[in-house]
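What follows is the content of start33.txt, which has compact mmCIF, N, CA and C atoms:
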# COMPACT_ATOMS: atom_id res chain seq x y z
N GLN Q 1 -74.27 160.54 115.55
CA GLN Q 1 -72.89 160.51 115.98
C GLN Q 1 -72.24 161.87 115.75
N LYS Q 2 -72.65 162.56 114.69
CA LYS Q 2 -72.07 163.87 114.42
C LYS Q 2 -72.35 164.83 115.58
N ARG Q 3 -73.58 164.81 116.09
CA ARG Q 3 -73.93 165.69 117.20
C ARG Q 3 -73.09 165.33 118.44
N ALA Q 4 -72.92 164.04 118.70
CA ALA Q 4 -72.12 163.61 119.85
C ALA Q 4 -70.68 164.09 119.69
N ASN Q 5 -70.12 163.99 118.49
CA ASN Q 5 -68.76 164.48 118.24
C ASN Q 5 -68.66 165.97 118.49
N LEU Q 6 -69.68 166.71 118.07
CA LEU Q 6 -69.70 168.16 118.25
C LEU Q 6 -69.73 168.51 119.74
N ILE Q 7 -70.52 167.78 120.50
CA ILE Q 7 -70.58 168.03 121.95
C ILE Q 7 -69.23 167.72 122.59
N VAL Q 8 -68.66 166.55 122.29
CA VAL Q 8 -67.39 166.14 122.92
C VAL Q 8 -66.27 167.12 122.58
N SER Q 9 -66.23 167.56 121.32
CA SER Q 9 -65.14 168.47 120.94
C SER Q 9 -65.29 169.86 121.56
N ASN Q 10 -66.45 170.13 122.18
CA ASN Q 10 -66.66 171.44 122.81
C ASN Q 10 -67.03 171.33 124.29
N LEU Q 11 -66.71 170.21 124.92
CA LEU Q 11 -67.05 170.03 126.33
C LEU Q 11 -66.49 171.14 127.22
N TYR Q 12 -65.32 171.64 126.90
CA TYR Q 12 -64.71 172.68 127.71
C TYR Q 12 -65.54 173.97 127.71
N ARG Q 13 -66.44 174.12 126.74
CA ARG Q 13 -67.32 175.30 126.67
C ARG Q 13 -68.69 175.05 127.26
N LEU Q 14 -68.92 173.83 127.73
CA LEU Q 14 -70.27 173.44 128.13
C LEU Q 14 -70.32 172.96 129.58
N PRO Q 15 -70.24 173.86 130.53
CA PRO Q 15 -70.35 173.43 131.93
C PRO Q 15 -71.76 172.89 132.21
N PRO Q 16 -71.90 172.06 133.23
CA PRO Q 16 -73.23 171.51 133.55
C PRO Q 16 -74.29 172.62 133.65
N GLY Q 17 -75.46 172.33 133.08
CA GLY Q 17 -76.56 173.28 133.12
C GLY Q 17 -76.60 174.25 131.95
N THR Q 18 -75.56 174.25 131.09
CA THR Q 18 -75.54 175.14 129.93
C THR Q 18 -76.61 174.69 128.93
N PRO Q 19 -77.56 175.58 128.59
CA PRO Q 19 -78.61 175.17 127.66
C PRO Q 19 -78.17 175.19 126.20
N SER Q 20 -77.26 176.10 125.85
CA SER Q 20 -76.79 176.19 124.46
C SER Q 20 -75.49 176.97 124.41
N ALA Q 21 -74.81 176.84 123.28
CA ALA Q 21 -73.55 177.57 123.08
C ALA Q 21 -73.27 177.69 121.60
N GLN Q 22 -72.57 178.76 121.21
CA GLN Q 22 -72.09 178.94 119.85
C GLN Q 22 -70.75 178.20 119.76
N VAL Q 23 -70.65 177.22 118.84
CA VAL Q 23 -69.43 176.40 118.73
C VAL Q 23 -69.03 176.27 117.26
N GLU Q 24 -67.76 175.94 117.03
CA GLU Q 24 -67.28 175.70 115.68
C GLU Q 24 -67.51 174.23 115.32
N ASP Q 25 -68.06 174.03 114.15
CA ASP Q 25 -68.27 172.68 113.63
C ASP Q 25 -67.12 172.39 112.67
N TRP Q 26 -66.10 171.69 113.15
CA TRP Q 26 -64.89 171.46 112.34
C TRP Q 26 -65.13 170.44 111.24
N GLU Q 27 -66.21 169.69 111.31
CA GLU Q 27 -66.55 168.79 110.22
C GLU Q 27 -67.14 169.55 109.04
N ASN Q 28 -67.53 170.80 109.27
CA ASN Q 28 -68.04 171.66 108.21
C ASN Q 28 -67.19 172.91 108.07
N GLY Q 29 -65.88 172.74 108.09
CA GLY Q 29 -64.95 173.84 107.84
C GLY Q 29 -64.91 174.90 108.94
N GLY Q 30 -65.25 174.56 110.15
CA GLY Q 30 -65.19 175.50 111.26
C GLY Q 30 -66.37 176.46 111.33
N GLU Q 31 -67.42 176.14 110.62
CA GLU Q 31 -68.63 176.98 110.63
C GLU Q 31 -69.17 177.08 112.06
N VAL Q 32 -69.54 178.29 112.47
CA VAL Q 32 -70.10 178.50 113.80
C VAL Q 32 -71.58 178.12 113.78
N VAL Q 33 -71.94 177.22 114.71
CA VAL Q 33 -73.33 176.76 114.81
C VAL Q 33 -73.78 176.88 116.27
N GLU Q 34 -75.09 176.97 116.44
CA GLU Q 34 -75.60 176.98 117.80
C GLU Q 34 -75.89 175.54 118.21
N LEU Q 35 -75.29 175.14 119.31
CA LEU Q 35 -75.48 173.79 119.85
C LEU Q 35 -76.44 173.90 121.02
N VAL Q 36 -77.64 173.37 120.85
CA VAL Q 36 -78.66 173.39 121.90
C VAL Q 36 -78.65 172.03 122.58
N LEU Q 37 -78.42 172.04 123.88
CA LEU Q 37 -78.33 170.80 124.65
C LEU Q 37 -79.68 170.41 125.23
N ASN Q 38 -79.87 169.13 125.43
CA ASN Q 38 -81.10 168.60 126.01
C ASN Q 38 -80.91 168.52 127.52
N THR Q 39 -81.16 169.65 128.21
CA THR Q 39 -80.93 169.71 129.66
C THR Q 39 -82.05 169.04 130.46
N LYS Q 40 -83.18 168.73 129.81
CA LYS Q 40 -84.28 168.06 130.52
C LYS Q 40 -83.99 166.58 130.71
N GLU Q 41 -83.36 165.95 129.71
CA GLU Q 41 -83.10 164.51 129.80
C GLU Q 41 -81.71 164.18 130.34
N TYR Q 42 -80.77 165.09 130.19
CA TYR Q 42 -79.38 164.79 130.56
C TYR Q 42 -78.86 165.83 131.54
N GLY Q 43 -78.11 165.34 132.52
CA GLY Q 43 -77.55 166.23 133.54
C GLY Q 43 -76.33 166.99 133.09
N SER Q 44 -75.68 166.53 132.02
CA SER Q 44 -74.48 167.21 131.53
C SER Q 44 -74.33 166.96 130.03
N ALA Q 45 -73.47 167.74 129.42
CA ALA Q 45 -73.19 167.57 128.00
C ALA Q 45 -72.53 166.22 127.75
N GLN Q 46 -71.65 165.81 128.67
CA GLN Q 46 -70.98 164.51 128.55
C GLN Q 46 -72.00 163.37 128.56
N GLU Q 47 -72.98 163.47 129.44
CA GLU Q 47 -74.02 162.44 129.52
C GLU Q 47 -74.82 162.37 128.21
N GLU Q 48 -75.14 163.52 127.64
CA GLU Q 48 -75.86 163.56 126.38
C GLU Q 48 -75.03 162.95 125.25
N ALA Q 49 -73.75 163.31 125.21
CA ALA Q 49 -72.86 162.76 124.18
C ALA Q 49 -72.76 161.24 124.31
N ASP Q 50 -72.63 160.74 125.53
CA ASP Q 50 -72.54 159.29 125.74
C ASP Q 50 -73.81 158.59 125.24
N ALA Q 51 -74.97 159.18 125.55
CA ALA Q 51 -76.24 158.60 125.10
C ALA Q 51 -76.32 158.61 123.57
N LEU Q 52 -75.88 159.68 122.94
CA LEU Q 52 -75.91 159.77 121.48
C LEU Q 52 -74.96 158.76 120.84
N PHE Q 53 -73.77 158.60 121.41
CA PHE Q 53 -72.84 157.60 120.89
C PHE Q 53 -73.42 156.19 121.02
N SER Q 54 -74.07 155.91 122.15
CA SER Q 54 -74.69 154.60 122.36
C SER Q 54 -75.78 154.36 121.32
N MET Q 55 -76.61 155.37 121.07
CA MET Q 55 -77.68 155.24 120.08
C MET Q 55 -77.09 155.02 118.68
N ALA Q 56 -76.01 155.72 118.36
CA ALA Q 56 -75.38 155.57 117.05
C ALA Q 56 -74.84 154.15 116.86
N ARG Q 57 -74.25 153.58 117.93
CA ARG Q 57 -73.75 152.20 117.85
C ARG Q 57 -74.89 151.21 117.62
N LYS Q 58 -76.01 151.41 118.33
CA LYS Q 58 -77.17 150.53 118.15
C LYS Q 58 -77.71 150.61 116.74
N MET Q 59 -77.79 151.83 116.22
CA MET Q 59 -78.31 152.02 114.86
C MET Q 59 -77.38 151.37 113.84
N LYS Q 60 -76.08 151.46 114.07
CA LYS Q 60 -75.13 150.85 113.14
C LYS Q 60 -75.27 149.33 113.14
N ARG Q 61 -75.41 148.75 114.34
CA ARG Q 61 -75.60 147.29 114.43
C ARG Q 61 -76.92 146.90 113.77
N GLY Q 62 -77.96 147.69 114.02
CA GLY Q 62 -79.27 147.40 113.45
C GLY Q 62 -79.26 147.48 111.94
N SER Q 63 -78.54 148.45 111.38
CA SER Q 63 -78.50 148.58 109.93
C SER Q 63 -77.77 147.40 109.29
N LYS Q 64 -76.78 146.86 109.99
CA LYS Q 64 -76.09 145.67 109.47
C LYS Q 64 -77.03 144.47 109.46
N VAL Q 65 -77.84 144.33 110.50
CA VAL Q 65 -78.79 143.22 110.57
C VAL Q 65 -79.82 143.36 109.45
N VAL Q 66 -80.33 144.57 109.25
CA VAL Q 66 -81.32 144.80 108.19
C VAL Q 66 -80.70 144.53 106.83
N GLU Q 67 -79.46 144.94 106.64
CA GLU Q 67 -78.78 144.70 105.36
C GLU Q 67 -78.65 143.20 105.09
N GLU Q 68 -78.30 142.43 106.12
CA GLU Q 68 -78.18 140.97 105.96
C GLU Q 68 -79.55 140.36 105.64
N LEU Q 69 -80.59 140.81 106.33
CA LEU Q 69 -81.94 140.30 106.07
C LEU Q 69 -82.39 140.63 104.65
N MET Q 70 -82.09 141.83 104.19
CA MET Q 70 -82.46 142.22 102.83
C MET Q 70 -81.76 141.32 101.81
N LYS Q 71 -80.49 141.01 102.04
CA LYS Q 71 -79.76 140.13 101.13
C LYS Q 71 -80.40 138.74 101.12
N GLU Q 72 -80.78 138.23 102.29
CA GLU Q 72 -81.42 136.92 102.36
C GLU Q 72 -82.74 136.91 101.59
N VAL Q 73 -83.50 137.99 101.69
CA VAL Q 73 -84.78 138.08 100.99
C VAL Q 73 -84.55 138.09 99.48
N VAL Q 74 -83.57 138.85 99.03
CA VAL Q 74 -83.27 138.91 97.59
C VAL Q 74 -82.83 137.54 97.09
N ASP Q 75 -81.99 136.85 97.86
CA ASP Q 75 -81.55 135.51 97.47
C ASP Q 75 -82.73 134.54 97.39
N ALA Q 76 -83.60 134.57 98.38
CA ALA Q 76 -84.77 133.68 98.39
C ALA Q 76 -85.70 134.01 97.22
N GLU Q 77 -85.87 135.27 96.96
CA GLU Q 77 -86.72 135.69 95.85
C GLU Q 77 -86.17 135.18 94.52
N ARG Q 78 -84.87 135.24 94.35
CA ARG Q 78 -84.24 134.75 93.12
C ARG Q 78 -84.47 133.24 92.95
N ILE Q 79 -84.36 132.50 94.04
CA ILE Q 79 -84.60 131.05 93.99
C ILE Q 79 -86.03 130.77 93.56
N LEU Q 80 -86.98 131.50 94.15
CA LEU Q 80 -88.39 131.28 93.81
C LEU Q 80 -88.70 131.68 92.37
N ILE Q 81 -88.13 132.77 91.92
CA ILE Q 81 -88.34 133.20 90.52
C ILE Q 81 -87.79 132.15 89.57
N ASP Q 82 -86.58 131.65 89.86
CA ASP Q 82 -85.98 130.62 89.01
C ASP Q 82 -86.86 129.36 88.97
N ALA Q 83 -87.39 128.96 90.12
CA ALA Q 83 -88.24 127.77 90.17
C ALA Q 83 -89.52 128.01 89.37
N MET Q 84 -90.10 129.19 89.49
CA MET Q 84 -91.32 129.49 88.74
C MET Q 84 -91.04 129.48 87.24
N GLN Q 85 -89.92 130.03 86.83
CA GLN Q 85 -89.56 130.01 85.40
C GLN Q 85 -89.36 128.57 84.93
N ASP Q 86 -88.73 127.75 85.76
CA ASP Q 86 -88.53 126.35 85.39
C ASP Q 86 -89.88 125.64 85.24
N LEU Q 87 -90.81 125.90 86.16
CA LEU Q 87 -92.14 125.29 86.06
C LEU Q 87 -92.86 125.74 84.80
N MET Q 88 -92.76 127.02 84.49
CA MET Q 88 -93.43 127.55 83.31
C MET Q 88 -92.84 126.94 82.04
N SER Q 89 -91.54 126.66 82.06
CA SER Q 89 -90.92 126.10 80.86
C SER Q 89 -91.33 124.65 80.62
N LEU Q 90 -91.93 124.00 81.62
CA LEU Q 90 -92.36 122.61 81.47
C LEU Q 90 -93.72 122.48 80.79
N THR Q 91 -94.45 123.56 80.64
CA THR Q 91 -95.77 123.49 80.03
C THR Q 91 -95.63 123.34 78.52
N GLU Q 92 -96.74 123.01 77.86
CA GLU Q 92 -96.73 122.79 76.41
C GLU Q 92 -96.18 123.97 75.64
N ASN Q 93 -96.62 125.17 76.02
CA ASN Q 93 -96.17 126.34 75.26
C ASN Q 93 -94.88 126.93 75.82
N GLY Q 94 -94.34 126.29 76.85
CA GLY Q 94 -93.06 126.74 77.37
C GLY Q 94 -93.15 127.99 78.22
N GLY Q 95 -94.33 128.45 78.53
CA GLY Q 95 -94.45 129.66 79.34
C GLY Q 95 -93.94 130.86 78.59
N SER Q 96 -93.66 131.88 79.30
CA SER Q 96 -93.17 133.12 78.69
C SER Q 96 -91.66 133.05 78.50
N ASP Q 97 -91.21 133.55 77.36
CA ASP Q 97 -89.76 133.60 77.12
C ASP Q 97 -89.12 134.74 77.87
N ALA Q 98 -89.91 135.69 78.33
CA ALA Q 98 -89.36 136.85 79.03
C ALA Q 98 -88.87 136.43 80.41
N MET Q 99 -87.77 137.01 80.83
CA MET Q 99 -87.24 136.71 82.15
C MET Q 99 -88.08 137.43 83.19
N MET Q 100 -88.35 136.74 84.28
CA MET Q 100 -89.08 137.36 85.37
C MET Q 100 -88.09 138.14 86.22
N ASN Q 101 -88.59 139.14 86.93
CA ASN Q 101 -87.75 139.87 87.86
C ASN Q 101 -88.50 140.03 89.17
N SER Q 102 -87.87 140.71 90.12
CA SER Q 102 -88.46 140.82 91.45
C SER Q 102 -89.79 141.55 91.43
N ALA Q 103 -90.03 142.42 90.47
CA ALA Q 103 -91.32 143.11 90.39
C ALA Q 103 -92.43 142.14 90.03
N ASP Q 104 -92.10 141.05 89.32
CA ASP Q 104 -93.11 140.07 88.90
C ASP Q 104 -93.52 139.14 90.04
N ILE Q 105 -92.67 138.98 91.06
CA ILE Q 105 -92.90 137.95 92.07
C ILE Q 105 -94.19 138.21 92.85
N SER Q 106 -94.56 139.47 93.08
CA SER Q 106 -95.75 139.75 93.88
C SER Q 106 -97.03 139.34 93.15
N SER Q 107 -96.97 139.24 91.83
CA SER Q 107 -98.17 138.89 91.09
C SER Q 107 -98.18 137.43 90.64
N LEU Q 108 -97.22 136.64 91.12
CA LEU Q 108 -97.17 135.24 90.72
C LEU Q 108 -98.35 134.46 91.28
N ASP Q 109 -98.90 133.62 90.45
CA ASP Q 109 -100.01 132.76 90.86
C ASP Q 109 -99.82 131.44 90.12
N ILE Q 110 -99.57 130.39 90.87
CA ILE Q 110 -99.29 129.09 90.27
C ILE Q 110 -100.44 128.64 89.37
N SER Q 111 -101.66 129.11 89.67
CA SER Q 111 -102.81 128.71 88.85
C SER Q 111 -102.75 129.30 87.45
N ASN Q 112 -101.87 130.29 87.23
CA ASN Q 112 -101.73 130.88 85.89
C ASN Q 112 -100.85 130.04 84.98
N ILE Q 113 -100.14 129.06 85.54
CA ILE Q 113 -99.33 128.19 84.70
C ILE Q 113 -100.28 127.23 84.00
N PRO Q 114 -100.21 127.16 82.68
CA PRO Q 114 -101.21 126.40 81.93
C PRO Q 114 -101.06 124.88 82.02
N PHE Q 115 -101.23 124.33 83.24
CA PHE Q 115 -101.26 122.89 83.42
C PHE Q 115 -102.71 122.43 83.27
N ASN Q 116 -102.89 121.35 82.60
CA ASN Q 116 -104.22 120.72 82.53
C ASN Q 116 -104.02 119.22 82.37
N GLU Q 117 -105.12 118.48 82.23
CA GLU Q 117 -105.00 117.01 82.17
C GLU Q 117 -104.22 116.54 80.94
N ASN Q 118 -104.08 117.37 79.92
CA ASN Q 118 -103.36 116.99 78.71
C ASN Q 118 -101.88 117.40 78.74
N THR Q 119 -101.49 118.13 79.77
CA THR Q 119 -100.12 118.61 79.85
C THR Q 119 -99.17 117.45 80.13
N GLN Q 120 -98.18 117.31 79.28
CA GLN Q 120 -97.16 116.28 79.48
C GLN Q 120 -96.02 116.91 80.26
N LEU Q 121 -95.72 116.37 81.43
CA LEU Q 121 -94.68 116.93 82.28
C LEU Q 121 -93.48 116.01 82.35
N ASP Q 122 -92.33 116.59 82.43
CA ASP Q 122 -91.09 115.85 82.64
C ASP Q 122 -90.96 115.65 84.14
N GLU Q 123 -91.28 114.44 84.60
CA GLU Q 123 -91.27 114.17 86.03
C GLU Q 123 -89.89 114.33 86.64
N GLY Q 124 -88.85 114.02 85.87
CA GLY Q 124 -87.48 114.21 86.35
C GLY Q 124 -87.19 115.68 86.62
N ALA Q 125 -87.62 116.53 85.69
CA ALA Q 125 -87.42 117.98 85.87
C ALA Q 125 -88.22 118.47 87.06
N MET Q 126 -89.46 117.99 87.23
CA MET Q 126 -90.29 118.38 88.37
C MET Q 126 -89.61 117.97 89.68
N ALA Q 127 -89.02 116.77 89.70
CA ALA Q 127 -88.35 116.29 90.91
C ALA Q 127 -87.14 117.17 91.23
N LEU Q 128 -86.40 117.57 90.20
CA LEU Q 128 -85.25 118.45 90.42
C LEU Q 128 -85.67 119.81 90.98
N ILE Q 129 -86.75 120.35 90.43
CA ILE Q 129 -87.25 121.64 90.92
C ILE Q 129 -87.68 121.51 92.38
N GLN Q 130 -88.43 120.45 92.69
CA GLN Q 130 -88.88 120.26 94.06
C GLN Q 130 -87.70 120.05 94.99
N ASP Q 131 -86.71 119.28 94.56
CA ASP Q 131 -85.52 119.05 95.38
C ASP Q 131 -84.79 120.36 95.67
N ARG Q 132 -84.64 121.19 94.64
CA ARG Q 132 -83.98 122.49 94.82
C ARG Q 132 -84.75 123.35 95.81
N LEU Q 133 -86.08 123.36 95.70
CA LEU Q 133 -86.90 124.14 96.62
C LEU Q 133 -86.82 123.60 98.05
N GLU Q 134 -86.79 122.29 98.19
CA GLU Q 134 -86.67 121.71 99.53
C GLU Q 134 -85.32 122.03 100.16
N ARG Q 135 -84.25 121.98 99.36
CA ARG Q 135 -82.92 122.30 99.89
C ARG Q 135 -82.80 123.77 100.29
N SER Q 136 -83.56 124.62 99.64
CA SER Q 136 -83.49 126.05 99.93
C SER Q 136 -84.66 126.52 100.81
N SER Q 137 -85.37 125.56 101.43
CA SER Q 137 -86.58 125.92 102.17
C SER Q 137 -86.32 126.85 103.36
N LYS Q 138 -85.13 126.79 103.95
CA LYS Q 138 -84.83 127.71 105.05
C LYS Q 138 -84.80 129.15 104.55
N LYS Q 139 -84.36 129.35 103.33
CA LYS Q 139 -84.32 130.70 102.75
C LYS Q 139 -85.67 131.12 102.20
N THR Q 140 -86.38 130.20 101.57
CA THR Q 140 -87.58 130.56 100.83
C THR Q 140 -88.88 130.34 101.59
N GLY Q 141 -88.85 129.49 102.62
CA GLY Q 141 -90.07 129.15 103.33
C GLY Q 141 -90.91 128.12 102.58
N TYR Q 142 -90.33 127.51 101.54
CA TYR Q 142 -91.06 126.51 100.75
C TYR Q 142 -91.44 125.33 101.62
N GLN Q 143 -92.69 124.89 101.47
CA GLN Q 143 -93.16 123.67 102.10
C GLN Q 143 -93.75 122.78 101.03
N PRO Q 144 -93.30 121.52 100.95
CA PRO Q 144 -93.83 120.63 99.94
C PRO Q 144 -95.34 120.44 100.14
N PRO Q 145 -96.05 120.22 99.05
CA PRO Q 145 -97.50 120.04 99.18
C PRO Q 145 -97.82 118.78 99.96
N ASP Q 146 -98.90 118.84 100.73
CA ASP Q 146 -99.37 117.67 101.49
C ASP Q 146 -100.24 116.86 100.54
N MET Q 147 -99.74 115.72 100.11
CA MET Q 147 -100.44 114.88 99.15
C MET Q 147 -101.61 114.12 99.77
N ASN Q 148 -101.73 114.20 101.09
CA ASN Q 148 -102.81 113.49 101.78
C ASN Q 148 -104.10 114.30 101.82
N LYS Q 149 -104.08 115.53 101.36
CA LYS Q 149 -105.28 116.38 101.39
C LYS Q 149 -106.11 116.19 100.16
Please go through the file and, once you have read it, give me the structure as structure tokens.
Amino acid sequence: QKRANLIVSNLYRLPPGTPSAQVEDWENGGEVVELVLNTKEYGSAQEEADALFSMARKMKRGSKVVEELMKEVVDAERILIDAMQDLMSLTENGGSDAMMNSADISSLDISNIPFNENTQLDEGAMALIQDRLERSSKKTGYQPPDMNK
């Protein structure tokens, strides 16, 4: 967008076919810079500025979408970490007292939770954890286990 602004503010110096010009960049205190135009792709400086403004708008919209997606991923990750901590706390030794963080999520493996035939589980707590995961399945991608397998 900065380049497009520079072109627009100097259109009076850039007749069609001008390959470059020395112009003042008022966003940098009036510093004189060489503005090289893309005469191969654009027929005029105005056309180039319009294309640059259009690209800047697309990038701004795209960055908002990416920002929203990143927030959704962080939220889903937090839900999964909380569920894993809750599951670990149900084991005999209570799992680790240390809080998990997003760096730990990539190394999570449910088989590392010390469940065995002697493990006494609170079925009510398990049901609550599963219910929470099912309610948040759109965010987390959680799918309940198929008990028929």
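What separates CA of Ala76 in chain Q from CA of Ser63 in chain Q is a distance of 19.9 Å.
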So which residues fall inside 8 Å of (-78.5, 171.6, 137.1) if we count only N, CA and C atoms? Mind giving them as a tab-separated table (two decimals) with N, CA and C atoms, keeping the file's coordinate frame?
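Output saved as point.tsv:
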chain	number	residue	atom	x	y	z
Q	16	PRO	N	-71.90	172.06	133.23
Q	16	PRO	CA	-73.23	171.51	133.55
Q	16	PRO	C	-74.29	172.62	133.65
Q	17	GLY	N	-75.46	172.33	133.08
Q	17	GLY	CA	-76.56	173.28	133.12
Q	17	GLY	C	-76.60	174.25	131.95
Q	18	THR	N	-75.56	174.25	131.09
Q	18	THR	CA	-75.54	175.14	129.93
Q	18	THR	C	-76.61	174.69	128.93
Q	39	THR	N	-81.16	169.65	128.21
Q	39	THR	CA	-80.93	169.71	129.66
Q	39	THR	C	-82.05	169.04	130.46
Q	43	GLY	N	-78.11	165.34	132.52
Q	43	GLY	CA	-77.55	166.23	133.54
Q	43	GLY	C	-76.33	166.99	133.09
Q	44	SER	N	-75.68	166.53	132.02
Q	44	SER	CA	-74.48	167.21	131.53
Q	44	SER	C	-74.33	166.96	130.03
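Atom N of Ala56 in chain Q to CA of Gln1 in chain Q spans 6.2 Å [interatomic distance, one decimal].
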Item to check | Close residues, range 48-54 of chain Q itself excluded, 8 Å, only N, CA and C atoms, min 5 positions apart in chain, as a list in words | outcome: Gln1, Lys2, Arg3, Ala4, Asn5, Leu6, Ile7, Val8, Leu37, Asn38, Glu41, Tyr42, Gly43, Met59 and Lys60 of chain Q
Next on the checklist: The residues within 8 Å of (-73.5, 181.4, 122.1), using only N, CA and C atoms and the coordinates of the file, should be reported as a ChimeraX atom specification; which are they?
Outcome noted: /Q:20-23,33-35
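Distance-wise, atom C of Asp25 in chain Q and atom C of Lys58 in chain Q end up 24.6 Å apart.
Distances to Gly124 in chain Q were evaluated for Q:Lys138, Q:Leu14, Q:Val32, Q:Leu90 using only C-alpha atoms, and the minimum falls at Q:Leu90.
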Next on the checklist: For a quick check of understanding, using all atoms listed in the file, which of Q:Met70, Q:Leu11, Q:Met126, Q:Leu80 has the smallest distance to Thr140 in chain Q?
Outcome noted: Q:Leu80
Item to check | Selection near Ile129 in chain Q, 8 Å with only C-alpha atoms, sequence-local residues under 5 positions removed, as JSON, numbers by chain | outcome: {"Q": [83, 86, 87]}
How would range 124-142 of chain Q look written as a PDB file, in the first residue's frame with N, CA and C atoms?
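Wrote it out as decode07.pdb, contents follow:
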ATOM      1  N   GLY Q 124     -18.107 -40.825  36.441  1.00  0.00           N
ATOM      2  CA  GLY Q 124     -18.778 -39.527  36.319  1.00  0.00           C
ATOM      3  C   GLY Q 124     -17.841 -38.479  35.733  1.00  0.00           C
ATOM      4  N   ALA Q 125     -16.606 -38.474  36.229  1.00  0.00           N
ATOM      5  CA  ALA Q 125     -15.619 -37.517  35.706  1.00  0.00           C
ATOM      6  C   ALA Q 125     -15.311 -37.820  34.251  1.00  0.00           C
ATOM      7  N   MET Q 126     -15.185 -39.110  33.898  1.00  0.00           N
ATOM      8  CA  MET Q 126     -14.934 -39.499  32.510  1.00  0.00           C
ATOM      9  C   MET Q 126     -16.074 -39.029  31.610  1.00  0.00           C
ATOM     10  N   ALA Q 127     -17.319 -39.171  32.091  1.00  0.00           N
ATOM     11  CA  ALA Q 127     -18.475 -38.749  31.302  1.00  0.00           C
ATOM     12  C   ALA Q 127     -18.460 -37.237  31.097  1.00  0.00           C
ATOM     13  N   LEU Q 128     -18.082 -36.493  32.126  1.00  0.00           N
ATOM     14  CA  LEU Q 128     -17.999 -35.037  31.995  1.00  0.00           C
ATOM     15  C   LEU Q 128     -16.934 -34.621  30.982  1.00  0.00           C
ATOM     16  N   ILE Q 129     -15.788 -35.289  31.030  1.00  0.00           N
ATOM     17  CA  ILE Q 129     -14.719 -34.979  30.076  1.00  0.00           C
ATOM     18  C   ILE Q 129     -15.182 -35.278  28.660  1.00  0.00           C
ATOM     19  N   GLN Q 130     -15.804 -36.452  28.470  1.00  0.00           N
ATOM     20  CA  GLN Q 130     -16.278 -36.810  27.137  1.00  0.00           C
ATOM     21  C   GLN Q 130     -17.355 -35.840  26.668  1.00  0.00           C
ATOM     22  N   ASP Q 131     -18.255 -35.454  27.554  1.00  0.00           N
ATOM     23  CA  ASP Q 131     -19.311 -34.506  27.195  1.00  0.00           C
ATOM     24  C   ASP Q 131     -18.710 -33.165  26.757  1.00  0.00           C
ATOM     25  N   ARG Q 132     -17.719 -32.692  27.508  1.00  0.00           N
ATOM     26  CA  ARG Q 132     -17.058 -31.422  27.158  1.00  0.00           C
ATOM     27  C   ARG Q 132     -16.398 -31.534  25.789  1.00  0.00           C
ATOM     28  N   LEU Q 133     -15.733 -32.662  25.524  1.00  0.00           N
ATOM     29  CA  LEU Q 133     -15.084 -32.850  24.230  1.00  0.00           C
ATOM     30  C   LEU Q 133     -16.101 -32.941  23.096  1.00  0.00           C
ATOM     31  N   GLU Q 134     -17.219 -33.596  23.345  1.00  0.00           N
ATOM     32  CA  GLU Q 134     -18.254 -33.693  22.311  1.00  0.00           C
ATOM     33  C   GLU Q 134     -18.869 -32.326  22.014  1.00  0.00           C
ATOM     34  N   ARG Q 135     -19.094 -31.519  23.056  1.00  0.00           N
ATOM     35  CA  ARG Q 135     -19.654 -30.179  22.847  1.00  0.00           C
ATOM     36  C   ARG Q 135     -18.694 -29.269  22.101  1.00  0.00           C
ATOM     37  N   SER Q 136     -17.408 -29.516  22.245  1.00  0.00           N
ATOM     38  CA  SER Q 136     -16.411 -28.668  21.588  1.00  0.00           C
ATOM     39  C   SER Q 136     -15.841 -29.325  20.334  1.00  0.00           C
ATOM     40  N   SER Q 137     -16.511 -30.374  19.835  1.00  0.00           N
ATOM     41  CA  SER Q 137     -15.955 -31.147  18.715  1.00  0.00           C
ATOM     42  C   SER Q 137     -15.791 -30.324  17.438  1.00  0.00           C
ATOM     43  N   LYS Q 138     -16.614 -29.299  17.239  1.00  0.00           N
ATOM     44  CA  LYS Q 138     -16.439 -28.457  16.049  1.00  0.00           C
ATOM     45  C   LYS Q 138     -15.111 -27.717  16.104  1.00  0.00           C
ATOM     46  N   LYS Q 139     -14.687 -27.341  17.298  1.00  0.00           N
ATOM     47  CA  LYS Q 139     -13.406 -26.640  17.450  1.00  0.00           C
ATOM     48  C   LYS Q 139     -12.230 -27.608  17.462  1.00  0.00           C
ATOM     49  N   THR Q 140     -12.401 -28.749  18.108  1.00  0.00           N
ATOM     50  CA  THR Q 140     -11.265 -29.635  18.354  1.00  0.00           C
ATOM     51  C   THR Q 140     -11.135 -30.780  17.362  1.00  0.00           C
ATOM     52  N   GLY Q 141     -12.227 -31.115  16.664  1.00  0.00           N
ATOM     53  CA  GLY Q 141     -12.204 -32.263  15.776  1.00  0.00           C
ATOM     54  C   GLY Q 141     -12.346 -33.581  16.524  1.00  0.00           C
ATOM     55  N   TYR Q 142     -12.703 -33.510  17.807  1.00  0.00           N
ATOM     56  CA  TYR Q 142     -12.856 -34.729  18.618  1.00  0.00           C
ATOM     57  C   TYR Q 142     -13.963 -35.604  18.049  1.00  0.00           C
TER      58      TYR Q 142
END
